[in-house]
Each structure stands twice: as structure tokens, then as C-alpha cells.
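Structure file run-v2.txt (compact mmCIF, C-alpha atoms) follows.
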# COMPACT_ATOMS: atom_id res chain seq x y z
CA MET B 838 9.54 40.58 44.50
CA ASN B 839 5.91 40.30 43.61
CA PHE B 840 3.75 37.27 42.96
CA LEU B 841 4.29 37.16 39.18
CA ASP B 842 8.07 37.27 39.58
CA ILE B 843 7.98 34.26 41.90
CA ILE B 844 5.80 32.25 39.50
CA SER B 845 8.04 33.29 36.62
CA SER B 846 11.24 32.22 38.35
CA LEU B 847 9.64 28.93 39.39
CA LEU B 848 8.73 28.26 35.75
CA LEU B 849 12.23 29.16 34.60
CA PHE B 850 13.77 26.86 37.20
CA ALA B 851 11.47 24.03 36.16
CA GLY B 852 12.46 24.66 32.53
CA THR B 853 16.18 24.52 33.30
CA PHE B 854 15.60 21.36 35.33
CA PHE B 855 13.95 19.61 32.37
CA ALA B 856 16.59 20.86 29.94
CA PHE B 857 19.29 19.56 32.28
CA SER B 858 17.58 16.19 32.71
CA GLY B 859 17.38 15.94 28.92
CA ALA B 860 21.13 16.52 28.71
CA VAL B 861 21.72 13.83 31.35
CA GLY B 862 19.49 11.44 29.43
CA LEU B 863 21.42 12.19 26.25
CA PHE B 864 24.55 10.87 27.95
CA ARG B 865 23.10 8.06 30.05
CA PHE B 866 20.62 6.30 27.78
CA PRO B 867 21.82 3.18 25.97
CA ASP B 868 21.14 3.80 22.28
CA PHE B 869 20.24 6.39 19.67
CA PHE B 870 16.46 6.10 19.86
CA THR B 871 16.21 6.41 23.64
CA ARG B 872 18.57 9.38 23.49
CA VAL B 873 16.45 11.14 20.87
CA HIS B 874 13.42 10.36 23.03
CA ALA B 875 15.02 11.93 26.10
CA ALA B 876 16.24 15.01 24.25
CA SER B 877 13.04 15.73 22.32
CA LEU B 878 10.51 15.35 25.15
CA THR B 879 12.47 17.39 27.67
CA ASP B 880 13.29 19.96 25.00
CA SER B 881 9.61 20.62 24.31
CA ILE B 882 8.56 20.89 27.94
CA ALA B 883 11.60 23.05 28.75
CA ALA B 884 10.73 25.41 25.89
CA ILE B 885 7.12 25.69 27.09
CA LEU B 886 8.10 26.32 30.71
CA MET B 887 10.89 28.78 29.97
CA ILE B 888 8.88 30.84 27.52
CA ALA B 889 5.92 30.83 29.92
CA GLY B 890 8.28 32.13 32.59
CA LEU B 891 9.58 34.83 30.25
CA LEU B 892 6.04 35.75 29.18
CA LEU B 893 5.23 36.67 32.77
CA GLN B 894 8.12 39.15 32.69
CA THR B 895 6.73 41.06 29.70
CA SER B 896 4.10 43.78 29.96
CA PHE B 897 1.80 42.55 27.19
CA ASP B 898 3.51 44.29 24.28
CA LEU B 899 5.38 43.33 21.13
CA ASN B 900 7.77 41.13 23.14
CA THR B 901 4.83 39.00 24.29
CA ALA B 902 3.80 38.39 20.70
CA LYS B 903 7.38 37.57 19.69
CA LEU B 904 7.76 35.06 22.53
CA ILE B 905 4.49 33.37 21.58
CA PHE B 906 5.66 33.16 17.95
CA ILE B 907 8.92 31.58 19.10
CA LEU B 908 7.02 29.08 21.24
CA VAL B 909 4.69 28.08 18.38
CA PHE B 910 7.65 27.72 16.01
CA LEU B 911 9.59 25.58 18.51
CA LEU B 912 6.57 23.39 19.23
CA ILE B 913 6.20 22.67 15.51
CA THR B 914 9.84 22.26 14.51
CA SER B 915 11.40 20.53 17.51
CA PRO B 916 9.23 17.37 17.49
CA THR B 917 9.50 17.28 13.69
CA ALA B 918 13.27 17.32 13.89
CA SER B 919 13.27 14.48 16.42
CA HIS B 920 10.82 12.52 14.29
CA ALA B 921 12.94 13.02 11.17
CA LEU B 922 16.08 11.96 13.05
CA ALA B 923 14.50 8.79 14.40
CA LYS B 924 12.85 7.93 11.09
CA SER B 925 16.01 8.36 9.05
CA ALA B 926 17.97 6.33 11.62
CA ARG B 927 15.37 3.56 11.28
CA HIS B 928 15.47 3.89 7.51
CA GLY B 929 19.25 3.63 7.60
CA GLY B 930 18.99 0.30 9.46
CA LEU B 931 19.81 1.32 12.99
CA LEU B 932 18.32 -1.12 15.52
CA LEU B 933 16.92 -0.66 18.99
CA PHE B 934 19.23 -1.90 21.72
CA THR B 935 16.72 -4.69 22.48
CA GLU B 936 16.72 -5.90 18.88
CA LYS B 937 19.05 -8.35 17.20
CA PRO B 938 19.88 -8.20 13.53
CA THR B 939 18.49 -11.14 11.52
CA LYS B 940 20.01 -12.75 8.45
CA GLN B 941 17.36 -11.25 6.15
CA GLY B 942 18.47 -7.83 7.20
CA GLY B 943 15.12 -7.20 8.85
CA THR B 944 14.48 -6.70 12.54
CA ASN B 945 13.55 -9.25 15.16
CA GLN B 946 11.95 -8.32 18.46
CA ASP B 947 13.86 -9.80 21.38
CA ASP B 948 11.67 -10.31 24.46
CA MET Q 1331 28.29 37.89 37.33
CA ILE Q 1332 28.55 38.85 33.66
CA GLU Q 1333 32.27 38.01 33.73
CA TRP Q 1334 31.36 34.46 34.70
CA ILE Q 1335 29.04 34.15 31.73
CA ASP Q 1336 31.86 35.42 29.52
CA LEU Q 1337 34.35 32.98 31.03
CA ILE Q 1338 32.03 29.99 30.73
CA LEU Q 1339 31.16 30.81 27.12
CA LEU Q 1340 34.82 31.35 26.17
CA GLY Q 1341 35.78 28.11 27.91
CA MET Q 1342 33.14 26.22 25.96
CA LEU Q 1343 34.41 27.87 22.75
CA ALA Q 1344 37.94 26.69 23.51
CA LEU Q 1345 36.73 23.15 24.31
CA THR Q 1346 34.74 22.99 21.07
CA ALA Q 1347 37.73 24.19 19.06
CA LEU Q 1348 40.02 21.58 20.66
CA ARG Q 1349 37.48 18.82 19.97
CA VAL Q 1350 37.27 19.93 16.33
CA ILE Q 1351 41.05 19.56 16.00
CA PHE Q 1352 41.24 16.06 17.45
CA LEU Q 1353 38.12 14.45 15.93
CA LYS Q 1354 38.48 12.36 12.79
CA ASP Q 1355 34.74 12.07 12.11
CA LEU Q 1356 33.99 15.05 9.87
CA PHE Q 1357 30.22 14.84 10.38
CA ALA Q 1358 30.74 15.45 14.10
CA VAL Q 1359 33.19 18.22 13.23
CA VAL Q 1360 30.54 20.00 11.14
CA MET Q 1361 28.07 19.74 14.03
CA LEU Q 1362 30.72 21.14 16.40
CA PHE Q 1363 31.28 24.04 14.02
CA GLY Q 1364 27.56 24.80 14.33
CA ILE Q 1365 27.85 24.69 18.12
CA TYR Q 1366 30.91 26.94 17.90
CA SER Q 1367 28.96 29.49 15.88
CA PHE Q 1368 26.05 29.48 18.32
CA LEU Q 1369 28.45 29.97 21.22
CA SER Q 1370 30.11 32.89 19.42
CA ALA Q 1371 26.65 34.36 18.82
CA LEU Q 1372 26.01 34.14 22.57
CA VAL Q 1373 29.33 35.90 23.27
CA PHE Q 1374 28.29 38.67 20.85
CA ILE Q 1375 24.93 39.00 22.63
CA VAL Q 1376 26.72 39.36 25.97
CA LEU Q 1377 28.80 42.12 24.33
CA ASP Q 1378 25.50 43.79 23.19
CA ALA Q 1379 26.37 43.30 19.50
CA VAL Q 1380 23.00 41.85 18.47
CA ASP Q 1381 23.44 42.52 14.74
CA VAL Q 1382 26.69 40.56 14.68
CA ALA Q 1383 25.15 37.80 16.81
CA PHE Q 1384 22.22 37.55 14.41
CA THR Q 1385 24.56 37.27 11.43
CA GLU Q 1386 26.70 34.68 13.20
CA ALA Q 1387 23.67 32.54 14.08
CA ALA Q 1388 22.12 32.77 10.61
CA VAL Q 1389 25.28 32.46 8.50
CA GLY Q 1390 27.73 30.57 10.73
CA ALA Q 1391 25.41 28.13 12.42
CA GLY Q 1392 22.66 27.93 9.82
CA ILE Q 1393 23.72 28.07 6.22
CA SER Q 1394 27.40 27.10 6.52
CA THR Q 1395 26.45 23.95 8.40
CA VAL Q 1396 24.10 22.97 5.58
CA LEU Q 1397 26.73 23.77 2.93
CA MET Q 1398 29.43 21.84 4.81
CA LEU Q 1399 27.08 18.85 5.10
CA GLY Q 1400 26.52 19.13 1.35
CA THR Q 1401 30.29 19.01 0.87
CA LEU Q 1402 30.55 15.96 3.15
CA ALA Q 1403 27.96 14.15 1.05
CA LEU Q 1404 30.39 14.57 -1.86
CA THR Q 1405 33.66 13.82 -0.11
CA GLY Q 1406 32.90 11.23 2.58
CA ARG Q 1407 32.78 11.65 6.32
CA THR Q 1408 36.15 10.49 7.66
CA GLU Q 1409 39.34 12.47 7.60
CA LYS Q 1410 42.24 10.98 5.68
CA GLU Q 1411 45.18 9.81 7.78
CA ASN Q 1412 47.94 12.38 7.62
CA THR Q 1413 51.33 10.81 6.97
CA HIS Q 1414 53.38 13.99 6.85
CA SER Q 1415 55.58 15.10 9.70
CA LYS Q 1416 53.80 17.28 12.23
CA LEU Q 1417 56.91 19.24 13.15
CA LEU Q 1418 56.67 21.93 10.48
CA PRO Q 1419 52.95 22.72 11.04
CA ILE Q 1420 53.54 23.00 14.81
CA LEU Q 1421 56.44 25.38 14.14
CA VAL Q 1422 54.38 27.55 11.76
CA VAL Q 1423 51.42 27.64 14.15
CA SER Q 1424 53.57 28.53 17.18
CA VAL Q 1425 55.41 31.29 15.35
CA THR Q 1426 52.15 32.74 13.98
CA GLY Q 1427 50.48 32.51 17.38
CA ALA Q 1428 53.41 34.16 19.10
CA ALA Q 1429 53.42 36.95 16.51
CA LEU Q 1430 49.67 37.49 17.01
CA ILE Q 1431 50.01 37.60 20.80
CA TYR Q 1432 52.93 40.00 20.41
CA GLY Q 1433 50.71 42.13 18.18
CA THR Q 1434 47.97 42.33 20.80
CA LEU Q 1435 50.47 43.78 23.30
CA ASP Q 1436 50.36 47.03 21.33
CA MET Q 1437 46.57 47.20 21.49
CA PRO Q 1438 44.93 49.52 24.03
CA PRO Q 1439 43.57 47.70 27.10
CA PHE Q 1440 40.13 46.12 26.61
CA GLY Q 1441 37.22 48.20 27.90
CA ASN Q 1442 39.28 51.28 28.78
CA PRO Q 1443 37.17 54.44 28.19
CA ASP Q 1444 40.27 56.35 27.03
CA ASN Q 1445 40.76 54.04 24.01
CA PRO Q 1446 40.81 55.79 20.61
CA ILE Q 1447 37.64 54.00 19.48
CA HIS Q 1448 35.70 55.55 22.38
CA GLN Q 1449 37.24 58.99 21.89
CA HIS Q 1450 37.12 59.47 18.15
CA VAL Q 1451 34.97 57.21 15.92
CA ALA Q 1452 32.14 55.96 18.11
CA PRO Q 1453 31.12 59.39 19.56
CA ARG Q 1454 31.05 60.81 16.02
CA TYR Q 1455 28.58 58.14 14.92
CA ILE Q 1456 26.51 58.26 18.11
CA GLU Q 1457 26.20 62.06 18.10
CA ASP Q 1458 25.89 62.81 14.41
CA SER Q 1459 24.18 59.80 12.83
CA PRO Q 1460 20.67 60.66 14.21
CA LYS Q 1461 20.91 64.04 12.42
CA GLU Q 1462 22.75 62.87 9.32
CA VAL Q 1463 21.10 59.50 8.67
CA GLY Q 1464 18.25 59.40 11.16
CA LEU Q 1465 17.96 55.62 11.61
CA PRO Q 1466 17.18 54.17 15.06
CA ASN Q 1467 19.60 51.28 14.42
CA MET Q 1468 23.02 52.93 14.24
CA VAL Q 1469 24.67 49.70 13.16
CA THR Q 1470 22.75 49.91 9.90
CA SER Q 1471 23.73 53.57 9.50
CA VAL Q 1472 27.40 52.69 9.87
CA LEU Q 1473 27.23 49.54 7.76
CA ALA Q 1474 25.16 50.88 4.89
CA SER Q 1475 25.96 54.59 4.82
CA TYR Q 1476 29.21 55.59 6.53
CA ARG Q 1477 30.91 52.35 5.52
CA GLY Q 1478 28.83 51.77 2.38
CA PHE Q 1479 31.86 51.16 0.20
CA ASP Q 1480 33.12 48.40 2.54
CA THR Q 1481 29.74 46.70 2.37
CA LEU Q 1482 29.82 46.90 -1.41
CA GLY Q 1483 33.16 45.09 -1.20
CA GLU Q 1484 31.61 42.39 1.01
CA THR Q 1485 28.75 41.93 -1.44
CA VAL Q 1486 31.23 41.52 -4.28
CA VAL Q 1487 33.12 38.92 -2.20
CA VAL Q 1488 29.89 36.94 -1.74
CA PHE Q 1489 29.20 37.26 -5.46
CA SER Q 1490 32.68 36.02 -6.37
CA ALA Q 1491 32.13 32.99 -4.10
CA ALA Q 1492 29.25 31.99 -6.38
CA ILE Q 1493 31.45 32.51 -9.44
CA GLY Q 1494 34.11 30.27 -7.91
CA VAL Q 1495 31.68 27.46 -7.06
CA LEU Q 1496 30.05 27.63 -10.49
CA ALA Q 1497 33.43 27.60 -12.23
CA LEU Q 1498 34.60 24.57 -10.23
CA LEU Q 1499 31.42 22.48 -9.94
CA GLY Q 1500 28.69 23.85 -12.20
CA ILE Q 1501 25.03 22.93 -11.81
CA ARG Q 1502 23.59 19.80 -13.38
CA ARG Q 1503 20.03 20.39 -14.56
CA GLU Q 1504 17.90 17.46 -13.36
CA GLU Q 1505 16.22 15.31 -16.03
CA ASP Q 1506 13.26 14.77 -13.68
CA ASN Q 1507 14.50 11.47 -12.29
CA ASN Q 1508 12.25 10.24 -9.53
CA THR Q 1509 14.88 8.38 -7.56
CA PRO Q 1510 13.96 8.05 -3.89
CA GLU Q 1511 17.34 9.54 -2.98
CA SER Q 1512 16.30 12.97 -4.17
CA GLY Q 1513 14.52 14.33 -1.16
CA PHE Q 1514 12.39 12.63 1.45
CA LYS Q 1515 9.75 11.61 -1.07
CA GLU Q 1516 7.73 9.44 1.29
CA HIS Q 1517 8.32 11.51 4.40
CA ARG Q 1518 4.82 12.86 4.96
CA VAL Q 1519 5.40 14.57 8.32
CA LEU Q 1520 8.40 16.53 7.08
CA GLN Q 1521 6.55 17.56 3.94
CA ILE Q 1522 3.57 18.93 5.83
CA VAL Q 1523 5.67 20.75 8.42
CA ALA Q 1524 7.88 22.16 5.67
CA LYS Q 1525 4.78 23.42 3.85
CA ILE Q 1526 3.64 25.16 7.04
CA THR Q 1527 6.99 26.68 7.95
CA ILE Q 1528 8.44 27.72 4.57
CA PRO Q 1529 6.00 30.65 4.02
CA LEU Q 1530 6.62 31.80 7.58
CA VAL Q 1531 10.38 31.65 7.08
CA ILE Q 1532 10.13 33.71 3.89
CA LEU Q 1533 7.88 36.20 5.67
CA PHE Q 1534 10.42 36.45 8.49
CA ALA Q 1535 13.19 37.00 5.94
CA LEU Q 1536 11.26 39.91 4.45
CA TYR Q 1537 10.70 41.32 7.94
CA VAL Q 1538 14.43 41.08 8.68
CA GLN Q 1539 15.22 42.67 5.32
CA PHE Q 1540 13.03 45.74 5.73
CA HIS Q 1541 13.19 46.05 9.51
CA GLY Q 1542 16.99 46.32 9.48
CA ASP Q 1543 16.74 50.12 9.74
CA PHE Q 1544 14.96 49.85 13.08
CA GLY Q 1545 16.30 46.70 14.76
CA PRO Q 1546 18.89 44.01 14.23
CA GLY Q 1547 18.76 42.68 10.71
CA GLY Q 1548 19.52 43.66 7.16
CA GLY Q 1549 20.34 42.26 3.77
CA PHE Q 1550 22.91 39.65 4.80
CA GLN Q 1551 20.71 37.94 7.40
CA ALA Q 1552 17.56 38.23 5.30
CA GLY Q 1553 19.21 36.74 2.22
CA VAL Q 1554 20.52 33.80 4.22
CA ILE Q 1555 17.14 33.15 5.90
CA ALA Q 1556 15.26 33.26 2.59
CA ALA Q 1557 17.84 30.92 1.05
CA ALA Q 1558 17.36 28.56 4.00
CA ALA Q 1559 13.64 28.37 3.21
CA PHE Q 1560 14.33 27.31 -0.37
CA ILE Q 1561 17.08 24.89 0.72
CA LEU Q 1562 14.54 23.27 3.07
CA TYR Q 1563 12.15 22.98 0.12
CA GLY Q 1564 14.87 21.38 -1.99
CA LEU Q 1565 15.82 18.92 0.76
CA VAL Q 1566 12.27 17.79 1.49
CA PHE Q 1567 10.69 17.81 -1.96
CA GLY Q 1568 13.72 17.07 -4.11
CA LEU Q 1569 16.13 19.21 -6.06
CA ALA Q 1570 14.21 19.03 -9.34
CA LYS Q 1571 11.10 20.60 -7.84
CA SER Q 1572 13.17 23.29 -6.16
CA MET Q 1573 14.85 24.10 -9.48
CA ALA Q 1574 11.43 24.32 -11.09
CA VAL Q 1575 10.53 27.09 -8.63
CA ILE Q 1576 13.76 29.07 -9.05
CA SER Q 1577 15.97 27.97 -11.91
CA PRO Q 1578 19.77 28.15 -11.58
CA MET Q 1579 19.95 30.53 -14.54
CA PHE Q 1580 17.51 32.95 -12.87
CA LEU Q 1581 19.64 32.81 -9.72
CA ARG Q 1582 22.69 33.89 -11.70
CA TYR Q 1583 20.83 36.95 -12.98
CA MET Q 1584 19.64 37.63 -9.42
CA ALA Q 1585 23.15 37.43 -7.95
CA ALA Q 1586 24.51 39.82 -10.56
CA SER Q 1587 21.57 42.22 -10.34
CA GLY Q 1588 21.96 42.64 -6.58
CA VAL Q 1589 25.56 43.79 -6.95
CA LEU Q 1590 24.60 45.97 -9.91
CA LEU Q 1591 21.76 47.54 -7.92
CA TYR Q 1592 24.18 48.41 -5.14
CA ALA Q 1593 26.83 49.83 -7.45
CA GLY Q 1594 24.11 51.55 -9.51
CA VAL Q 1595 23.08 53.60 -6.48
CA GLY Q 1596 26.69 54.74 -6.22
CA LEU Q 1597 26.88 55.65 -9.90
CA PHE Q 1598 23.52 57.44 -9.73
CA SER Q 1599 24.71 59.62 -6.87
CA MET Q 1600 27.85 60.39 -8.91
CA MET Q 1601 25.65 61.46 -11.82
CA GLN Q 1602 23.80 63.76 -9.42
CA GLY Q 1603 27.12 65.49 -8.80
CA GLY Q 1604 28.14 63.87 -5.52
CA ASN Q 1605 30.63 61.23 -4.43
CA PHE Q 1606 30.23 57.50 -5.04
CA LEU Q 1607 27.43 56.17 -2.74
CA ASP Q 1608 26.59 59.68 -1.52
CA TYR Q 1609 22.95 59.04 -0.61
CA ASN Q 1610 22.27 62.68 0.33
CA LEU Q 1611 21.64 63.48 -3.33
CA LEU Q 1612 19.07 60.73 -3.96
CA ALA Q 1613 16.21 62.94 -2.78
CA SER Q 1614 15.73 66.66 -2.23
CA ASP Q 1615 16.01 66.17 1.53
CA PRO Q 1616 19.41 64.66 2.56
CA VAL Q 1617 17.95 62.49 5.35
CA ALA Q 1618 15.23 61.13 3.07
CA GLY Q 1619 17.95 60.45 0.50
CA GLN Q 1620 19.89 58.47 3.11
CA HIS Q 1621 16.77 56.39 3.83
CA TYR Q 1622 16.21 55.61 0.12
CA GLY Q 1623 19.87 54.77 -0.37
CA ILE Q 1624 20.08 52.42 2.60
CA LEU Q 1625 16.82 50.69 1.67
CA ILE Q 1626 17.98 50.09 -1.92
CA ILE Q 1627 21.50 48.91 -1.14
CA GLU Q 1628 20.21 46.57 1.61
CA LEU Q 1629 17.85 45.13 -0.98
CA GLY Q 1630 20.78 44.63 -3.33
CA VAL Q 1631 22.75 42.86 -0.60
CA GLY Q 1632 19.76 40.66 0.25
CA ILE Q 1633 19.17 39.64 -3.37
CA THR Q 1634 22.83 38.79 -3.97
CA VAL Q 1635 23.28 36.84 -0.72
CA PHE Q 1636 20.07 34.88 -1.32
CA ALA Q 1637 21.00 34.00 -4.89
CA VAL Q 1638 24.59 33.07 -4.04
CA MET Q 1639 23.65 30.81 -1.10
CA LEU Q 1640 21.03 29.00 -3.16
CA THR Q 1641 23.41 28.67 -6.12
CA ILE Q 1642 26.08 27.07 -3.94
CA PHE Q 1643 23.48 24.67 -2.50
CA TYR Q 1644 22.28 23.75 -6.00
CA ALA Q 1645 25.86 23.12 -7.13
CA PHE Q 1646 26.64 20.79 -4.21
CA ALA Q 1647 23.28 19.01 -4.21
CA SER Q 1648 23.23 18.36 -7.96
CA GLN Q 1649 26.73 16.87 -7.76
CA THR Q 1650 25.61 14.61 -4.92
CA GLU Q 1651 22.57 13.40 -6.83
CA ARG Q 1652 24.69 12.63 -9.86
CA SER Q 1653 27.16 10.60 -7.81
CA ASN Q 1654 24.24 8.74 -6.17
CA ILE Q 1655 22.86 7.70 -9.56
CA GLN Q 1656 26.20 6.42 -10.83

Take the structure from the file and write it as C-alpha cells.
Amino acid sequence: MNFLDIISSLLLFAGTFFAFSGAVGLFRFPDFFTRVHAASLTDSIAAILMIAGLLLQTSFDLNTAKLIFILVFLLITSPTASHALAKSARHGGLLLFTEKPTKQGGTNQDD
Amino acid sequence: MIEWIDLILLGMLALTALRVIFLKDLFAVVMLFGIYSFLSALVFIVLDAVDVAFTEAAVGAGISTVLMLGTLALTGRTEKENTHSKLLPILVVSVTGAALIYGTLDMPPFGNPDNPIHQHVAPRYIEDSPKEVGLPNMVTSVLASYRGFDTLGETVVVFSAAIGVLALLGIRREEDNNTPESGFKEHRVLQIVAKITIPLVILFALYVQFHGDFGPGGGFQAGVIAAAAFILYGLVFGLAKSMAVISPMFLRYMAASGVLLYAGVGLFSMMQGGNFLDYNLLASDPVAGQHYGILIIELGVGITVFAVMLTIFYAFASQTERSNIQ
């Protein structure tokens, strides 16, 4: 096992760790927005780490280019999806777990 | 090790299926169907069937999820309470299941090298298709050339799905109403990202379409991916703008012309004195003729699948917009 393989497996392990922690956060966090937060942040870092780990396994050929394309696509679309989810939830009137609904239908920050 | 991956994936498939049965919230059910399709795609990848996995991911998880969500927007998201007795359905399901399990007893054992498929059909394709068809991706050779008539049947099935949806729902032409419901009008981030990604998605669809001879891909996947790009455009910028780019009437001509292109290749080879869909006669060299034939019929499949998927989306989305306005 050479040096690159060790680095690559370390990156892959770190990626799986973040993906797993995102899944835990998805179950443990109290409301929709914190859950989206957990899933989206860990998803991005897991994608970066895993694809970096896989990149070290390629020998600079077409597969390298494909993996980089996948990474760029994920880095654009994944945060956008989380943003769209959170924004449409907000638009639909979902409140943070620290907020209380007011009579006007607006939101009221609860300290 | 690989058996464990199989077992875990199949277990997750079974869990997803059970959850689908017992959930009443149809929105969650649609999401679980998407998960189910992705899991099946993973099972296919473990079995080294990348073409099938690609189709499952693009069609099962991608476009059917969108179309089912479009249906939910029309019908509402909770399942109606069933008041009928559950005895008869359980009886029917048990009898059918028992019959199916009884049927599998006659099948040859899984993975046995002496099975007929490994003795008769598969070696024929593996040994002769490089000489006869000459494509690196044998799946495409089988799908488009050896089993070309079956694939024509599949294309006609897709085409008749569009006919069914159009006959039942029809497409309402938008009178350019700027209601905020039609698309995320004020959603700047989505609009910009969609503008960046849509050309790339269409480019990828073309790559899948014309690279199907060499790697996983082909007309079915490419048509679905291209349709997904236009569906994204319709969702983000509104149905009216999407219909201005590709009108529903043009899509009908496209859907029909794809099937006609496919069948036309067959008729042309008959006029050359061969059998229906006998690509050997399309050029002076039989292998070159096979390449032309496969390229053209894959294009026909891609055009029809693209047009049908987009037509079904238009039909559902225009109904939803109409019910929103009322």
C-alpha cells in the first residue's frame, strides 16, 4: 500500500464520517431548518472528500475529468437544492423551533 | 464481501417497499419510490448491468418521481381511507405470490454456469457480435440490432402512453397569466443555477445519446435526461415560457416522428430486399450498415422518449395551474 492509497483511504473515511454525521443530524435535530442545515453542509464536505479520495485512485485519464465534472455539478446543485428547500419551507409558513406564531400570521423572534 | 452488499441492498429494498405499503402520506410514498429506484440501480450496478442501472436511475428515480409529484399536485397528498374488507386482497396476493414462488422452482439455479442462458444465447452474442455488429457496448448491439423489433415495441408503448395522457387530460395552452404560482418567479438563486445547469444537462443528454454505442447509454436515457432539462426550465421559469420554447403541438409531431423514423429504417431495409430492420443492407458494408441503423433507431427512440416525457409533464402541469387559478 503506497502513500497515495493511504491518503485516499483517509479521505474516503473522512467523507463517510461526514455523510454519517449528516444522517445522524437529520434524525436528531429538532426542526426542518436545522435538519436541512445538517444534511446540506455535511453532504457538500462529504462529496468533496470522497471525490478527492477517488481522484487519487485514478491515473490522470478520462475518469479524472469525469470525477471533477461530478464534483463541480454536485457543488453547484446540492447547496441550491438545500436553499430551495429552506426557502420554500419559509415561504410556506414553516417556523423555526425557537419562533412562535403571531396573530398576524407573521413571525416573532423568541429570545 | 459482495454478498453482504447484495444482502444489505436487498434488505433496504424490502424495508422501503414495506414502508410504502403502510404510509398514508403519498408525498412521502413518492419520495420512497425514488429511493427504491436508486437502490435497485445500485443492485444492478453490483450485478454489472450498468445500462439497466443507468435507465433505472434516470427513468425510475428521476422522471417518474417528477411525474408522480405532478399527479399529487392534482389529486392531493393523503391516501383515502379504505373501507372495503381486506380479506379478498390478502387472498389474491397470497395466491399470486405462492404461484410466483412455485414458478421460480422450475427456474435453473441462480449463477450456475450450466444454465441455458450461459450455454446458448450469451456466448452467441459475445462471440459473434464484434464481427457482425462491431460495437464495443454489446448491450446496445443486442438492444438495437438483435432485438431491434422488441425495442420498436417499447418505443411504441412509450408513444401510446403519450396518446393516453393526451386523450384523458389534454394540454391547456397558457394565456400568459403571470400568477406567482406558475414557477418560482422571484426565486433568483434557482433561476441562475438553472440557467447554468440546463445547457450542461442537454449537452450530457446528447453525449448519452451518441455515446451509447461505446458505453452505457442510448436513446431511452438520453430522451429522459433532455426532458428533465426542459421540465426544470418549466418548473423554474413557468409553464408558459417553457411552452414558448417547445410548443405542445411540436412535441406531438416529435413523438410521432421518432417512432416513424424507427419503423422507417425497417421499411427501408425491406425495400432493399432484406428483412424488417435488417441493418446489413443500409450500406454496402454490412458492419457499416449496422452502425448507421443503430445510430438512426437510437435517435428515433431518443426523440420519442423526450417528446412523450415532456408532453406528459405539460399535461399534468397545465391541469395543476388551471386548478390553482380556479

Please identify every residue of chain B that has at least one atom no farther than 9 Å from an atom of chain Q, counting only C-alpha atoms, and for each give the shortest atom pair and the distance in Å to one decimal, arranged by chain then increasing number, as a tab-separated table.
residue	atom	partner	partner_atom	distance
B:Phe910	CA	Q:Thr1527	CA	8.2
B:Ile913	CA	Q:Val1523	CA	7.4
B:Thr914	CA	Q:Val1523	CA	7.5
B:Thr917	CA	Q:Leu1520	CA	6.7
B:Ala918	CA	Q:Leu1520	CA	8.4
B:His920	CA	Q:Val1519	CA	8.3
B:Ala921	CA	Q:Leu1520	CA	7.0
B:Lys924	CA	Q:His1517	CA	8.8

Next, the residues of the selection above should be written as a CSV table (one decimal), keeping the file's coordinate frame with C-alpha atoms.
chain,number,residue,atom,x,y,z
B,910,PHE,CA,7.6,27.7,16.0
B,913,ILE,CA,6.2,22.7,15.5
B,914,THR,CA,9.8,22.3,14.5
B,917,THR,CA,9.5,17.3,13.7
B,918,ALA,CA,13.3,17.3,13.9
B,920,HIS,CA,10.8,12.5,14.3
B,921,ALA,CA,12.9,13.0,11.2
B,924,LYS,CA,12.8,7.9,11.1

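Between atom CA of Ala1647 of chain Q and atom CA of Ile1365 of chain Q there is a distance of 23.5 Å.
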
Fill in: Residues near Tyr1455 of chain Q, cut-off 9 Å, all atoms listed in the file, skip fewer than 6 positions along chain, as a list in words
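Everything that qualifies: Met1468, Ser1471, Val1472 and Tyr1476 of chain Q.
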
Item to complete: Figure out the distance between atom CA of Val1373 of chain Q and atom CA of Ile1332 of chain Q, please, to one decimal in Å.
Response: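 Atom-to-atom, atom CA of Ile1332 of chain Q to atom CA of Val1373 of chain Q, that is 10.8 Å.
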
Give the padded box for segment 839-857 of chain B as JSON: axis-aligned, covering all atoms listed in the file, 3 Å on each side, centre and edge lengths in Å to one decimal.
{"center_x": 11.5, "center_y": 29.9, "center_z": 36.8, "size_x": 21.5, "size_y": 26.7, "size_z": 19.7}

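Between atom CA of Thr1650 of chain Q and atom CA of Asp868 of chain B there is a distance of 29.6 Å.
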
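For the choices B:Ala876, B:Ala883, B:Leu908, B:Leu899, the atom-to-atom distance to Phe864 of chain B is smallest for B:Ala876 when using all atoms listed in the file.
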
Worksheet entry | Protein and nucleic acid residues near (2.7, 38.3, 37.3) (cut-off 12 Å, only C-alpha atoms) as a list in words |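 Every residue inside that radius is included here: Met838, Asn839, Phe840, Leu841, Asp842, Ile843, Ile844, Ser845, Ser846, Leu847, Leu848, Ala889, Gly890, Leu891, Leu892, Leu893, Gln894, Thr895, Ser896 and Phe897 of chain B.
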
Discussion item. Would you pick out the contacts of Glu1628 of chain Q at 9 Å or less, using all atoms listed in the file, so that residues sharing its chain but fewer than 2 positions from it are not included, and give the list as a count of residues only?
Written reply: 16

Worksheet entry | Test item: residues at most 8 Å from Val1554 of chain Q, only C-alpha atoms, excluding those fewer than 3 positions along its chain, as a ChimeraX atom specification | /Q:1388-1389,1393,1550-1551,1557-1558,1632,1635-1636,1639

Discussion item. For a cutoff of 12 Å around the file-coordinate point (15.4, 3.4, 14.6), which residues qualify once you count all atoms listed in the file? I'd like the result as a ChimeraX atom specification.
Written reply: /B:868-874,919-936,944

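With only C-alpha atoms as the atoms that count, the residue of Q:Gly1588, Q:Gly1547, Q:Pro1616, Q:Gly1564 with the shortest distance to Ala1379 of chain Q is Q:Gly1547.
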
Some atoms are absent from segment 887-896 of chain B, so rebuild N, CA and C atoms and return them as a CSV table (one decimal), in the frame of the given file.
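Listing of selection08.csv after writing:
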chain,number,residue,atom,x,y,z
B,887,MET,N,10.0,27.6,30.0
B,887,MET,CA,10.9,28.8,30.0
B,887,MET,C,10.2,30.0,29.3
B,888,ILE,N,9.5,29.7,28.2
B,888,ILE,CA,8.9,30.8,27.5
B,888,ILE,C,7.7,31.3,28.3
B,889,ALA,N,7.0,30.4,29.0
B,889,ALA,CA,5.9,30.8,29.9
B,889,ALA,C,6.5,31.7,31.0
B,890,GLY,N,7.6,31.3,31.6
B,890,GLY,CA,8.3,32.1,32.6
B,890,GLY,C,8.7,33.5,32.1
B,891,LEU,N,9.2,33.5,30.8
B,891,LEU,CA,9.6,34.8,30.2
B,891,LEU,C,8.4,35.7,29.9
B,892,LEU,N,7.3,35.0,29.5
B,892,LEU,CA,6.0,35.8,29.2
B,892,LEU,C,5.5,36.5,30.4
B,893,LEU,N,5.7,36.0,31.6
B,893,LEU,CA,5.2,36.7,32.8
B,893,LEU,C,6.1,37.9,33.1
B,894,GLN,N,7.3,38.0,32.5
B,894,GLN,CA,8.1,39.2,32.7
B,894,GLN,C,7.8,40.3,31.7
B,895,THR,N,7.0,40.0,30.7
B,895,THR,CA,6.7,41.1,29.7
B,895,THR,C,5.5,41.8,30.2
B,896,SER,N,5.3,43.0,29.6
B,896,SER,CA,4.1,43.8,30.0
B,896,SER,C,3.1,43.9,28.8
